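Structure record follows, encoded as structure tokens.
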Amino acid sequence: MELITTVFIAKAIIVGVVFAITLGVAAYSTYFERKIAAFMQDRIGPDRAGPFGILQPLADAVKMFMKEDFIPANSNKWLFIAGPCLSMLTALMTSAVVPFGDSVTIGGATFDLQGIDVNIGILWVFGIVSLGVYGIMIGGWASNNKFALLGAIRAASQNISYELAMGMAIITILMITGSLSTKEIVEVQQNGHWNIFYQPLGFIIFIICAFAECNRTPFDLPECETELIGGYHTEYSSMKLGFYLFAEYINMFISGAVMATLYFGGYDYPGVDFVTQQFGSNVASFVGVGALIGKSLGFVFVFMWVRWTIPRFRYDQLMNLGWTGLIPLAMYNVVVTGFGILVGKPFMVSIAGLVLLIAALFVYDQLLVKKKIA
Amino acid sequence: MKLSNKTKVLEQGEMTLAERMYLPAIVGGMATTLKHFFSKPVTIRYPEQTRYLGPVYRGQHILKRDEAGAERCTACGLCAVACPAEAISMVAEERKAGEETLYREEKYAKVYEINMLRCIFCGLCEEACPKEAIFLQHDKMVPVFHQRDEVIWGKDKLVEKMDHRYLRDGWK
Ligand code: SF4
Ligand code: SF4
């Protein structure tokens, strides 16, 4: 009984902290998104609320809450309310399986710095992410507005298309690790054996799909202002809209954490052994948490960086890229990885596979494609 | 029909490999944005920081005095006629004996009013004035006002202060 209580309290603390970190990061992502956008456009950005504008998220939140919370007369009222809630819920649930750090020992008891270590870890992430589109679908449909519906349909078809390639990119990780548990995936990568070195192609596929799953530019067609007014959240206002936007930022952070977990060694960082020797394993674990969050924030920056660099795809380009580009590539990657495991040299084979692919595409290009006359 | 031989027909073939992969172009674009990320912003924090807008910027009006401190305006009304926004109105008055130090000409404006909500800062009043009496200051803007009784600016606000004379770049 005693043990169960301790474990429960420990888990409650971990969940609370993860929640707080996620929400805090998401709130400040909105600020940094605007700051980064400003810097990239040679502007100064928000700087009125507090020094350097660091209270901007607070001001935004107040603004969101103070606005009129409007529900269109002919919408489906309950689903209209359920949409943003579902988006938020699924966005927050994903973080449960992300291992934020190694275990810490306090008073003789050992705690994993992870919400739950389920043995289907990565499938959980996958399942919740695909559930996430329901929030958008329901919101778009319940609005009773054709633009919202179009945006929602786009979101659904886009997510379905890119989930396939994403799933296949994950399969290669599973082949290397031999386990679905995120904890084990990270454990295998300790001491610098990061999957990115064995799976460069897989990572590229995964990050592109992550962009698509988060509905971030260049794949933000569901909320494409120029074509669909606001897409699925056209009819939303006040904090309901805030929830949708917030969910996007949470998704960004979590997918950064997932990418760090799958490809960049999770909480691994150079010099773990050194820190462990000098300061003990607990400190090493907490530094690992910092490392993971740092990596995730790095990915968040990449998300923003890309957003303020390139315009969005056209819808047919999006579908083309997903079905005829990424899925065959992912299949090829599976084959190459399998071959690498078979001959026992995954690193060499993955690099060889990448070189071979580029060479083959180049030859194909030279032989078959009509050249531009410039 | 060809009008000249300058037209060039561009035949666009299929996209090359690098173009079809998108990635090289995206990485190139990201390099550009990163370069701008570290470059100096071109905008400023406006109300706190200001910029020199040039010697001919048309800001707040001023009714000049001459070197001795007498008002230059002679209430001829040319500025009011020139004003496309009909923002200027005035009441003329004859100069009495002993007022020579106050007013340069024999007739002067007892009341001179500019409606700052109507004014479009075109500077035509300055162009029209034969006495070089009215100018739009290049370094000072009309401050924001919120009340209706602040809209119309009389001589108290317009006439140049002797301790704070207006000098435009290029004047001696
Ligand atoms: S600046 Fe133009 S609009 Fe303003 S008072 Fe002079 S003439 Fe009229
Ligand atoms: S400001 Fe110049 S144009 Fe206007 S009334 Fe006076 S002298 Fe005439």
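Chain identifiers are assigned as A, B, and so on, following the order in which chains appear in the structure tokens; residues are numbered from 1 within each chain, and ligands are numbered from 1 in order of appearance.
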* Please identify every residue of chain A that has at least one atom no more than 10 Å from any atom of chain B, counting only C-alpha atoms, and report them as a ChimeraX atom specification. => /A:35-45,47-48,204,302,305-310,321,325,358,361-366,369-374
Quick one: residues within 6 Å of ligand 2, with only C-alpha atoms and all ligand atoms, as a PDB file with C-alpha atoms, in the first residue's frame?
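Dumped to out19.pdb:
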ATOM      1  CA  CYS B  73       2.045  86.995 -40.975  1.00  0.00           C
ATOM      2  CA  THR B  74       0.056  89.781 -42.536  1.00  0.00           C
ATOM      3  CA  ALA B  75      -3.287  87.959 -42.682  1.00  0.00           C
ATOM      4  CA  CYS B  76      -3.431  88.062 -46.450  1.00  0.00           C
ATOM      5  CA  GLY B  77      -5.362  84.802 -46.483  1.00  0.00           C
ATOM      6  CA  LEU B  78      -3.402  83.211 -49.280  1.00  0.00           C
ATOM      7  CA  CYS B  79      -2.652  80.179 -47.175  1.00  0.00           C
ATOM      8  CA  ALA B 128       1.512  80.026 -50.808  1.00  0.00           C
ATOM      9  CA  CYS B 129       2.714  82.386 -48.101  1.00  0.00           C
ATOM     10  CA  PRO B 130       4.289  85.545 -49.563  1.00  0.00           C
ATOM     11  CA  LYS B 131       5.688  86.639 -46.213  1.00  0.00           C
ATOM     12  CA  ALA B 133       5.298  83.341 -42.197  1.00  0.00           C
ATOM     13  CA  ILE B 134       4.008  79.805 -42.023  1.00  0.00           C
TER      14      ILE B 134
END
* **Atom-to-atom span, atom CA of Gly132 of chain A and atom CA of Asn159 of chain A, Å** =>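 According to the coordinates, atom CA of Gly132 of chain A and atom CA of Asn159 of chain A are separated by 9.4 Å.
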* Determine, counting only C-alpha atoms, which protein, DNA and RNA residues have an atom within 12 Å of an atom of Gly256 of chain A; residues of the same chain fewer than 2 positions away are not included. Present the result as a VMD selection string. => chain A and resid 22 25 to 26 94 to 95 98 206 to 207 210 to 211 214 249 to 254 258 to 264 266 292 to 304
* Could you report the residues within 10 Å of ligand 1, using only C-alpha atoms and all ligand atoms, as a PyMOL selection string? => chain B and resi 58-61+78-89+113-129+134-136
Limited to N, CA and C atoms, could you put the picked residues into a file as a short mmCIF file (atom, residue, chain, number, x, y, z; two decimals), in the first residue's frame?
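Below is the file part.cif, written as the result:
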data_model
loop_
_atom_site.label_atom_id
_atom_site.label_comp_id
_atom_site.auth_asym_id
_atom_site.auth_seq_id
_atom_site.Cartn_x
_atom_site.Cartn_y
_atom_site.Cartn_z
N ARG B 58 7.17 67.33 -43.59
CA ARG B 58 6.11 68.28 -43.25
C ARG B 58 5.43 67.87 -41.95
N GLY B 59 5.85 68.51 -40.89
CA GLY B 59 5.29 68.20 -39.58
C GLY B 59 4.38 69.29 -39.07
N GLN B 60 4.55 69.64 -37.79
CA GLN B 60 3.68 70.61 -37.15
C GLN B 60 3.93 72.04 -37.67
N HIS B 61 2.83 72.79 -37.82
CA HIS B 61 2.95 74.15 -38.35
C HIS B 61 3.58 75.09 -37.33
N LEU B 78 -3.80 84.06 -48.15
CA LEU B 78 -3.40 83.21 -49.28
C LEU B 78 -3.26 81.75 -48.86
N CYS B 79 -2.80 81.57 -47.63
CA CYS B 79 -2.65 80.18 -47.18
C CYS B 79 -4.02 79.52 -47.09
N ALA B 80 -5.01 80.26 -46.58
CA ALA B 80 -6.35 79.70 -46.46
C ALA B 80 -6.93 79.38 -47.82
N VAL B 81 -6.60 80.22 -48.80
CA VAL B 81 -7.09 79.95 -50.16
C VAL B 81 -6.41 78.73 -50.74
N ALA B 82 -5.12 78.62 -50.46
CA ALA B 82 -4.37 77.51 -51.04
C ALA B 82 -4.73 76.20 -50.38
N CYS B 83 -5.16 76.27 -49.17
CA CYS B 83 -5.35 75.02 -48.41
C CYS B 83 -6.43 74.14 -49.05
N PRO B 84 -6.10 72.97 -49.48
CA PRO B 84 -7.08 72.10 -50.13
C PRO B 84 -8.06 71.49 -49.13
N ALA B 85 -7.68 71.50 -47.87
CA ALA B 85 -8.55 70.90 -46.87
C ALA B 85 -9.37 71.93 -46.14
N GLU B 86 -9.21 73.17 -46.50
CA GLU B 86 -9.90 74.28 -45.85
C GLU B 86 -9.75 74.21 -44.35
N ALA B 87 -8.53 74.11 -43.93
CA ALA B 87 -8.26 73.94 -42.52
C ALA B 87 -7.93 75.26 -41.83
N ILE B 88 -7.60 76.27 -42.61
CA ILE B 88 -7.12 77.51 -42.02
C ILE B 88 -8.21 78.58 -42.02
N SER B 89 -8.31 79.28 -40.91
CA SER B 89 -9.19 80.46 -40.89
C SER B 89 -8.50 81.54 -40.06
N GLU B 113 -6.24 80.24 -36.99
CA GLU B 113 -6.57 78.91 -36.47
C GLU B 113 -6.38 77.85 -37.55
N ILE B 114 -5.81 76.75 -37.17
CA ILE B 114 -5.69 75.59 -38.05
C ILE B 114 -6.42 74.43 -37.40
N ASN B 115 -7.32 73.84 -38.17
CA ASN B 115 -8.02 72.67 -37.69
C ASN B 115 -7.16 71.45 -38.00
N MET B 116 -6.59 70.89 -36.96
CA MET B 116 -5.62 69.82 -37.15
C MET B 116 -6.25 68.50 -37.58
N LEU B 117 -7.57 68.39 -37.43
CA LEU B 117 -8.22 67.19 -37.95
C LEU B 117 -8.43 67.29 -39.45
N ARG B 118 -8.56 68.53 -39.94
CA ARG B 118 -8.78 68.69 -41.38
C ARG B 118 -7.46 68.68 -42.13
N CYS B 119 -6.44 69.23 -41.52
CA CYS B 119 -5.16 69.40 -42.22
C CYS B 119 -4.62 68.07 -42.71
N ILE B 120 -4.12 68.07 -43.92
CA ILE B 120 -3.55 66.86 -44.49
C ILE B 120 -2.05 66.99 -44.64
N PHE B 121 -1.49 68.03 -44.08
CA PHE B 121 -0.03 68.23 -44.11
C PHE B 121 0.55 68.18 -45.52
N CYS B 122 -0.14 68.88 -46.40
CA CYS B 122 0.33 68.92 -47.78
C CYS B 122 1.42 69.97 -47.94
N GLY B 123 1.43 70.98 -47.06
CA GLY B 123 2.46 72.00 -47.15
C GLY B 123 2.16 73.11 -48.14
N LEU B 124 0.92 73.15 -48.68
CA LEU B 124 0.59 74.18 -49.67
C LEU B 124 0.51 75.56 -49.02
N CYS B 125 0.17 75.62 -47.73
CA CYS B 125 0.13 76.91 -47.04
C CYS B 125 1.53 77.53 -47.02
N GLU B 126 2.49 76.67 -46.78
CA GLU B 126 3.87 77.14 -46.76
C GLU B 126 4.29 77.65 -48.14
N GLU B 127 3.85 76.93 -49.18
CA GLU B 127 4.17 77.33 -50.54
C GLU B 127 3.54 78.68 -50.87
N ALA B 128 2.28 78.86 -50.40
CA ALA B 128 1.51 80.03 -50.81
C ALA B 128 1.95 81.30 -50.11
N CYS B 129 2.47 81.21 -48.93
CA CYS B 129 2.71 82.39 -48.10
C CYS B 129 3.74 83.33 -48.73
N ILE B 134 4.40 81.12 -42.53
CA ILE B 134 4.01 79.80 -42.02
C ILE B 134 4.93 78.73 -42.59
N PHE B 135 5.31 77.83 -41.72
CA PHE B 135 6.16 76.71 -42.12
C PHE B 135 5.66 75.44 -41.46
N LEU B 136 5.98 74.32 -42.10
CA LEU B 136 5.72 73.03 -41.46
C LEU B 136 7.06 72.51 -40.97
#
